[in-house]
Amino acid sequence: METAQPQPEQQLYDLADKTRQYMQTQRPAKVPEQVNTLMLADFFTYNLTQGGFSQLLFNSGGQYLSEMEDMLLASHARATHDFYIQAIQLCTSDIPRFHAFLESDFVSENELKNQLHLISLGYFKCGISFVEEAKEYLTETMRSVDTWLCHNS
């Protein structure tokens with residue numbers, strides 16, 4: 001009997017966990033760029049699937065916004081990128097409101113969070129998955145990171 005292959009998201013999460021563990025125990029002085037890409041993809045995927053764009057942007061603390069966009073562009077995740085841009089434009093159209101959202105407790109009622117939730121609903125309704133859209137890019141990134149880990153463990 002064959003064992004089922006883990007879902008693509010789970011493969012990403014598992015390798016990111018393995019990489020985090022290696023980084024914490026070995027503390028390498030230099031890592032390949034693919035490690036940073038993998039960790040960003042893990043953060044992006046987990047937060048987007050768990051709580052949509054509001055959770056993604058809240059948990060990012062307003063950081064790495066351009067790096068996330070660069071990753072979406074490099075991975076050719078066009079549909080995910082389009083929804084991401086909608087969310088970013090909404091946030092940057094009123095910076096004080098965005099900062100208030102980032103400083104909130106997240107669970108309280110918040111107009112920006114609700115608007116981001118609507119963008120997320122549109123994204124999920126389309127049946128889009130960043131991991132599926134970026135499959136080739138993520139597969140190559142994961143292969144590179146796994147090879148690096150094997151050579152350094």
# chains A, B, ... in the order shown; residues from 1 in each chain; ligands from 1
$ select_by_dssp --residues "chain A" --states "alpha helix (DSSP H)" --output "short mmCIF file (atom, residue, chain, number, x, y, z; two decimals) with N, CA and C atoms, in the first residue's frame"
data_model
loop_
_atom_site.label_atom_id
_atom_site.label_comp_id
_atom_site.auth_asym_id
_atom_site.auth_seq_id
_atom_site.Cartn_x
_atom_site.Cartn_y
_atom_site.Cartn_z
N PRO A 8 1.09 19.94 -0.95
CA PRO A 8 2.19 20.87 -1.24
C PRO A 8 2.45 21.87 -0.11
N GLU A 9 1.38 22.38 0.50
CA GLU A 9 1.58 23.31 1.61
C GLU A 9 2.32 22.64 2.75
N GLN A 10 1.97 21.39 3.03
CA GLN A 10 2.62 20.67 4.13
C GLN A 10 4.09 20.42 3.83
N GLN A 11 4.42 20.14 2.59
CA GLN A 11 5.83 19.97 2.22
C GLN A 11 6.60 21.27 2.47
N LEU A 12 6.00 22.39 2.12
CA LEU A 12 6.62 23.69 2.37
C LEU A 12 6.80 23.92 3.86
N TYR A 13 5.75 23.68 4.64
CA TYR A 13 5.82 23.89 6.09
C TYR A 13 6.88 22.98 6.71
N ASP A 14 6.92 21.73 6.29
CA ASP A 14 7.87 20.78 6.88
C ASP A 14 9.31 21.19 6.59
N LEU A 15 9.60 21.59 5.36
CA LEU A 15 10.96 22.00 5.03
C LEU A 15 11.32 23.30 5.74
N ALA A 16 10.37 24.21 5.85
CA ALA A 16 10.63 25.45 6.58
C ALA A 16 10.93 25.16 8.05
N ASP A 17 10.20 24.23 8.65
CA ASP A 17 10.47 23.84 10.04
C ASP A 17 11.86 23.22 10.18
N LYS A 18 12.20 22.36 9.26
CA LYS A 18 13.53 21.73 9.26
C LYS A 18 14.63 22.79 9.11
N THR A 19 14.38 23.76 8.25
CA THR A 19 15.35 24.83 8.02
C THR A 19 15.48 25.71 9.26
N ARG A 20 14.35 26.06 9.88
CA ARG A 20 14.38 26.86 11.11
C ARG A 20 15.19 26.15 12.19
N GLN A 21 14.94 24.86 12.33
CA GLN A 21 15.65 24.08 13.34
C GLN A 21 17.16 24.09 13.06
N TYR A 22 17.53 23.89 11.82
CA TYR A 22 18.94 23.93 11.44
C TYR A 22 19.55 25.30 11.74
N MET A 23 18.83 26.35 11.37
CA MET A 23 19.33 27.71 11.58
C MET A 23 19.51 28.00 13.07
N GLN A 24 18.60 27.53 13.90
CA GLN A 24 18.69 27.78 15.34
C GLN A 24 19.82 27.00 15.99
N THR A 25 20.06 25.80 15.54
CA THR A 25 21.10 24.98 16.17
C THR A 25 22.48 25.24 15.59
N GLN A 26 22.57 25.48 14.29
CA GLN A 26 23.88 25.63 13.64
C GLN A 26 24.31 27.08 13.47
N GLU A 33 20.19 32.60 -0.83
CA GLU A 33 18.97 33.41 -0.95
C GLU A 33 17.72 32.55 -0.95
N GLN A 34 17.83 31.33 -1.45
CA GLN A 34 16.67 30.43 -1.49
C GLN A 34 16.13 30.14 -0.09
N VAL A 35 17.00 30.17 0.91
CA VAL A 35 16.53 29.97 2.29
C VAL A 35 15.59 31.10 2.69
N ASN A 36 15.98 32.33 2.38
CA ASN A 36 15.11 33.47 2.68
C ASN A 36 13.80 33.38 1.91
N THR A 37 13.89 32.97 0.67
CA THR A 37 12.68 32.82 -0.16
C THR A 37 11.76 31.75 0.43
N LEU A 38 12.34 30.63 0.84
CA LEU A 38 11.55 29.56 1.42
C LEU A 38 10.84 30.04 2.69
N MET A 39 11.56 30.74 3.55
CA MET A 39 10.98 31.19 4.81
C MET A 39 9.87 32.22 4.55
N LEU A 40 10.07 33.09 3.57
CA LEU A 40 9.04 34.07 3.23
C LEU A 40 7.82 33.36 2.63
N ALA A 41 8.05 32.38 1.77
CA ALA A 41 6.93 31.62 1.17
C ALA A 41 6.16 30.88 2.25
N ASP A 42 6.86 30.32 3.22
CA ASP A 42 6.22 29.63 4.34
C ASP A 42 5.35 30.60 5.13
N PHE A 43 5.91 31.75 5.49
CA PHE A 43 5.17 32.77 6.24
C PHE A 43 3.94 33.23 5.45
N PHE A 44 4.15 33.53 4.18
CA PHE A 44 3.08 34.01 3.31
C PHE A 44 1.96 32.98 3.21
N THR A 45 2.33 31.75 2.89
CA THR A 45 1.34 30.69 2.69
C THR A 45 0.56 30.40 3.96
N TYR A 46 1.27 30.24 5.06
CA TYR A 46 0.61 29.89 6.31
C TYR A 46 -0.39 30.98 6.72
N ASN A 47 0.06 32.23 6.73
CA ASN A 47 -0.82 33.30 7.18
C ASN A 47 -1.98 33.54 6.22
N LEU A 48 -1.72 33.46 4.93
CA LEU A 48 -2.80 33.66 3.96
C LEU A 48 -3.85 32.57 4.07
N THR A 49 -3.43 31.32 4.20
CA THR A 49 -4.41 30.23 4.27
C THR A 49 -5.13 30.19 5.61
N GLN A 50 -4.49 30.65 6.67
CA GLN A 50 -5.11 30.60 7.99
C GLN A 50 -6.04 31.78 8.27
N GLY A 51 -5.73 32.94 7.68
CA GLY A 51 -6.54 34.11 8.03
C GLY A 51 -6.64 35.17 6.95
N GLY A 52 -6.27 34.81 5.73
CA GLY A 52 -6.42 35.75 4.63
C GLY A 52 -5.41 36.89 4.69
N PHE A 53 -5.70 37.89 3.89
CA PHE A 53 -4.78 39.02 3.77
C PHE A 53 -4.70 39.84 5.06
N SER A 54 -5.78 39.87 5.84
CA SER A 54 -5.71 40.62 7.09
C SER A 54 -4.71 39.97 8.04
N GLN A 55 -4.73 38.66 8.17
CA GLN A 55 -3.76 37.99 9.05
C GLN A 55 -2.35 38.12 8.49
N LEU A 56 -2.20 37.95 7.20
CA LEU A 56 -0.89 38.06 6.57
C LEU A 56 -0.27 39.43 6.85
N LEU A 57 -1.03 40.48 6.60
CA LEU A 57 -0.49 41.83 6.76
C LEU A 57 -0.32 42.19 8.22
N PHE A 58 -1.24 41.75 9.07
CA PHE A 58 -1.12 42.03 10.50
C PHE A 58 0.12 41.34 11.06
N ASN A 59 0.28 40.07 10.76
CA ASN A 59 1.42 39.32 11.31
C ASN A 59 2.75 39.76 10.72
N SER A 60 2.73 40.39 9.55
CA SER A 60 3.97 40.90 8.98
C SER A 60 4.39 42.19 9.67
N LEU A 65 6.75 43.84 2.83
CA LEU A 65 5.70 43.97 1.82
C LEU A 65 6.28 43.91 0.41
N SER A 66 7.39 44.61 0.17
CA SER A 66 7.97 44.58 -1.18
C SER A 66 8.62 43.23 -1.46
N GLU A 67 9.19 42.58 -0.44
CA GLU A 67 9.77 41.25 -0.65
C GLU A 67 8.68 40.24 -1.00
N MET A 68 7.51 40.37 -0.38
CA MET A 68 6.41 39.47 -0.73
C MET A 68 5.97 39.71 -2.16
N GLU A 69 5.89 40.97 -2.55
CA GLU A 69 5.51 41.25 -3.93
C GLU A 69 6.55 40.71 -4.90
N ASP A 70 7.83 40.92 -4.59
CA ASP A 70 8.90 40.38 -5.45
C ASP A 70 8.78 38.87 -5.60
N MET A 71 8.47 38.18 -4.50
CA MET A 71 8.33 36.72 -4.54
C MET A 71 7.14 36.34 -5.43
N LEU A 72 6.04 37.05 -5.29
CA LEU A 72 4.86 36.74 -6.11
C LEU A 72 5.16 36.96 -7.59
N LEU A 73 5.89 38.02 -7.90
CA LEU A 73 6.25 38.29 -9.29
C LEU A 73 7.22 37.24 -9.82
N ALA A 74 8.25 36.91 -9.04
CA ALA A 74 9.25 35.93 -9.46
C ALA A 74 8.63 34.55 -9.65
N ARG A 78 0.38 35.11 -10.64
CA ARG A 78 -0.28 36.33 -11.11
C ARG A 78 -1.59 36.64 -10.38
N ALA A 79 -2.42 35.66 -10.21
CA ALA A 79 -3.71 35.91 -9.56
C ALA A 79 -3.51 36.27 -8.09
N THR A 80 -2.65 35.52 -7.41
CA THR A 80 -2.36 35.84 -6.01
C THR A 80 -1.78 37.24 -5.91
N HIS A 81 -0.90 37.57 -6.84
CA HIS A 81 -0.31 38.92 -6.87
C HIS A 81 -1.38 39.98 -7.04
N ASP A 82 -2.32 39.76 -7.94
CA ASP A 82 -3.39 40.74 -8.16
C ASP A 82 -4.18 41.01 -6.88
N PHE A 83 -4.53 39.97 -6.15
CA PHE A 83 -5.26 40.15 -4.90
C PHE A 83 -4.38 40.79 -3.83
N TYR A 84 -3.11 40.40 -3.80
CA TYR A 84 -2.16 41.00 -2.85
C TYR A 84 -2.07 42.50 -3.09
N ILE A 85 -1.97 42.91 -4.35
CA ILE A 85 -1.88 44.33 -4.69
C ILE A 85 -3.15 45.06 -4.25
N GLN A 86 -4.31 44.45 -4.42
CA GLN A 86 -5.55 45.07 -3.92
C GLN A 86 -5.45 45.33 -2.42
N ALA A 87 -4.96 44.33 -1.70
CA ALA A 87 -4.84 44.46 -0.24
C ALA A 87 -3.83 45.55 0.13
N ILE A 88 -2.70 45.58 -0.55
CA ILE A 88 -1.67 46.58 -0.25
C ILE A 88 -2.16 47.98 -0.59
N GLN A 89 -2.82 48.13 -1.71
CA GLN A 89 -3.35 49.44 -2.09
C GLN A 89 -4.38 49.93 -1.07
N LEU A 90 -5.21 49.03 -0.59
CA LEU A 90 -6.18 49.39 0.44
C LEU A 90 -5.46 49.89 1.69
N CYS A 91 -4.43 49.19 2.09
CA CYS A 91 -3.68 49.57 3.30
C CYS A 91 -2.92 50.88 3.12
N THR A 92 -2.30 51.05 1.99
CA THR A 92 -1.46 52.23 1.79
C THR A 92 -2.26 53.46 1.36
N ILE A 95 -2.46 55.51 5.41
CA ILE A 95 -1.37 55.00 6.25
C ILE A 95 -1.71 55.06 7.74
N PRO A 96 -2.30 56.16 8.25
CA PRO A 96 -2.65 56.16 9.69
C PRO A 96 -3.63 55.03 10.05
N ARG A 97 -4.57 54.76 9.17
CA ARG A 97 -5.52 53.66 9.42
C ARG A 97 -4.79 52.31 9.40
N PHE A 98 -3.83 52.15 8.48
CA PHE A 98 -3.05 50.92 8.41
C PHE A 98 -2.23 50.74 9.70
N HIS A 99 -1.61 51.81 10.17
CA HIS A 99 -0.83 51.74 11.41
C HIS A 99 -1.73 51.41 12.60
N ALA A 100 -2.92 51.98 12.63
CA ALA A 100 -3.86 51.68 13.71
C ALA A 100 -4.25 50.20 13.67
N PHE A 101 -4.44 49.67 12.49
CA PHE A 101 -4.74 48.24 12.34
C PHE A 101 -3.58 47.39 12.87
N LEU A 102 -2.36 47.75 12.49
CA LEU A 102 -1.18 46.99 12.93
C LEU A 102 -0.99 47.06 14.44
N GLU A 103 -1.44 48.17 15.05
CA GLU A 103 -1.28 48.34 16.50
C GLU A 103 -2.48 47.79 17.28
N GLU A 111 -12.44 48.26 10.69
CA GLU A 111 -12.94 48.44 9.33
C GLU A 111 -11.94 47.95 8.28
N LEU A 112 -10.66 48.25 8.46
CA LEU A 112 -9.66 47.81 7.50
C LEU A 112 -9.57 46.28 7.46
N LYS A 113 -9.60 45.66 8.63
CA LYS A 113 -9.58 44.20 8.69
C LYS A 113 -10.77 43.63 7.93
N ASN A 114 -11.94 44.22 8.09
CA ASN A 114 -13.14 43.75 7.39
C ASN A 114 -12.99 43.90 5.88
N GLN A 115 -12.41 45.00 5.43
CA GLN A 115 -12.21 45.21 4.00
C GLN A 115 -11.18 44.22 3.44
N LEU A 116 -10.14 43.97 4.21
CA LEU A 116 -9.15 42.97 3.80
C LEU A 116 -9.79 41.58 3.74
N HIS A 117 -10.69 41.34 4.66
CA HIS A 117 -11.40 40.06 4.68
C HIS A 117 -12.21 39.88 3.39
N LEU A 118 -12.83 40.94 2.91
CA LEU A 118 -13.59 40.85 1.66
C LEU A 118 -12.68 40.53 0.48
N ILE A 119 -11.49 41.12 0.45
CA ILE A 119 -10.52 40.78 -0.60
C ILE A 119 -10.14 39.31 -0.50
N SER A 120 -9.92 38.85 0.72
CA SER A 120 -9.58 37.44 0.94
C SER A 120 -10.69 36.51 0.47
N LEU A 121 -11.93 36.88 0.75
CA LEU A 121 -13.05 36.05 0.30
C LEU A 121 -13.06 35.95 -1.22
N GLY A 122 -12.79 37.05 -1.90
CA GLY A 122 -12.70 37.02 -3.37
C GLY A 122 -11.59 36.11 -3.84
N TYR A 123 -10.46 36.18 -3.17
CA TYR A 123 -9.32 35.32 -3.51
C TYR A 123 -9.67 33.85 -3.32
N PHE A 124 -10.21 33.51 -2.16
CA PHE A 124 -10.53 32.11 -1.88
C PHE A 124 -11.67 31.60 -2.78
N LYS A 125 -12.62 32.48 -3.10
CA LYS A 125 -13.74 32.09 -3.96
C LYS A 125 -13.25 31.69 -5.35
N PHE A 130 -1.72 30.05 -3.79
CA PHE A 130 -0.37 30.52 -4.09
C PHE A 130 0.56 29.34 -4.36
N VAL A 131 0.47 28.30 -3.54
CA VAL A 131 1.36 27.15 -3.68
C VAL A 131 1.16 26.47 -5.03
N GLU A 132 -0.08 26.36 -5.48
CA GLU A 132 -0.33 25.75 -6.79
C GLU A 132 0.12 26.68 -7.92
N GLU A 133 -0.16 27.96 -7.77
CA GLU A 133 0.24 28.92 -8.80
C GLU A 133 1.76 28.99 -8.96
N LYS A 135 3.97 26.63 -8.12
CA LYS A 135 4.47 25.28 -7.92
C LYS A 135 5.90 25.08 -8.44
N GLU A 136 6.17 25.48 -9.67
CA GLU A 136 7.52 25.28 -10.23
C GLU A 136 8.56 26.07 -9.44
N TYR A 137 8.26 27.30 -9.16
CA TYR A 137 9.17 28.18 -8.41
C TYR A 137 9.44 27.61 -7.02
N LEU A 138 8.38 27.20 -6.33
CA LEU A 138 8.54 26.67 -4.97
C LEU A 138 9.25 25.33 -4.98
N THR A 139 8.97 24.50 -5.97
CA THR A 139 9.64 23.20 -6.07
C THR A 139 11.14 23.40 -6.23
N GLU A 140 11.53 24.31 -7.11
CA GLU A 140 12.96 24.59 -7.31
C GLU A 140 13.59 25.19 -6.06
N THR A 141 12.89 26.10 -5.41
CA THR A 141 13.40 26.70 -4.17
C THR A 141 13.57 25.64 -3.10
N MET A 142 12.57 24.79 -2.94
CA MET A 142 12.63 23.74 -1.93
C MET A 142 13.75 22.74 -2.24
N ARG A 143 13.92 22.41 -3.50
CA ARG A 143 14.99 21.49 -3.90
C ARG A 143 16.35 22.09 -3.54
N SER A 144 16.54 23.37 -3.83
CA SER A 144 17.80 24.04 -3.52
C SER A 144 18.07 24.08 -2.02
N VAL A 145 17.05 24.40 -1.24
CA VAL A 145 17.22 24.47 0.21
C VAL A 145 17.49 23.09 0.79
N ASP A 146 16.76 22.10 0.31
CA ASP A 146 16.97 20.74 0.80
C ASP A 146 18.39 20.26 0.49
N THR A 147 18.87 20.56 -0.69
CA THR A 147 20.24 20.19 -1.07
C THR A 147 21.24 20.91 -0.17
N TRP A 148 21.03 22.18 0.08
CA TRP A 148 21.91 22.95 0.97
C TRP A 148 21.91 22.35 2.37
N LEU A 149 20.73 22.02 2.88
CA LEU A 149 20.64 21.41 4.21
C LEU A 149 21.39 20.09 4.26
N CYS A 150 21.22 19.26 3.24
CA CYS A 150 21.88 17.94 3.21
C CYS A 150 23.41 18.10 3.19
N HIS A 151 23.91 19.09 2.45
CA HIS A 151 25.36 19.29 2.37
C HIS A 151 25.94 19.90 3.63
N ASN A 152 25.10 20.52 4.43
CA ASN A 152 25.60 21.21 5.62
C ASN A 152 25.23 20.52 6.92
#
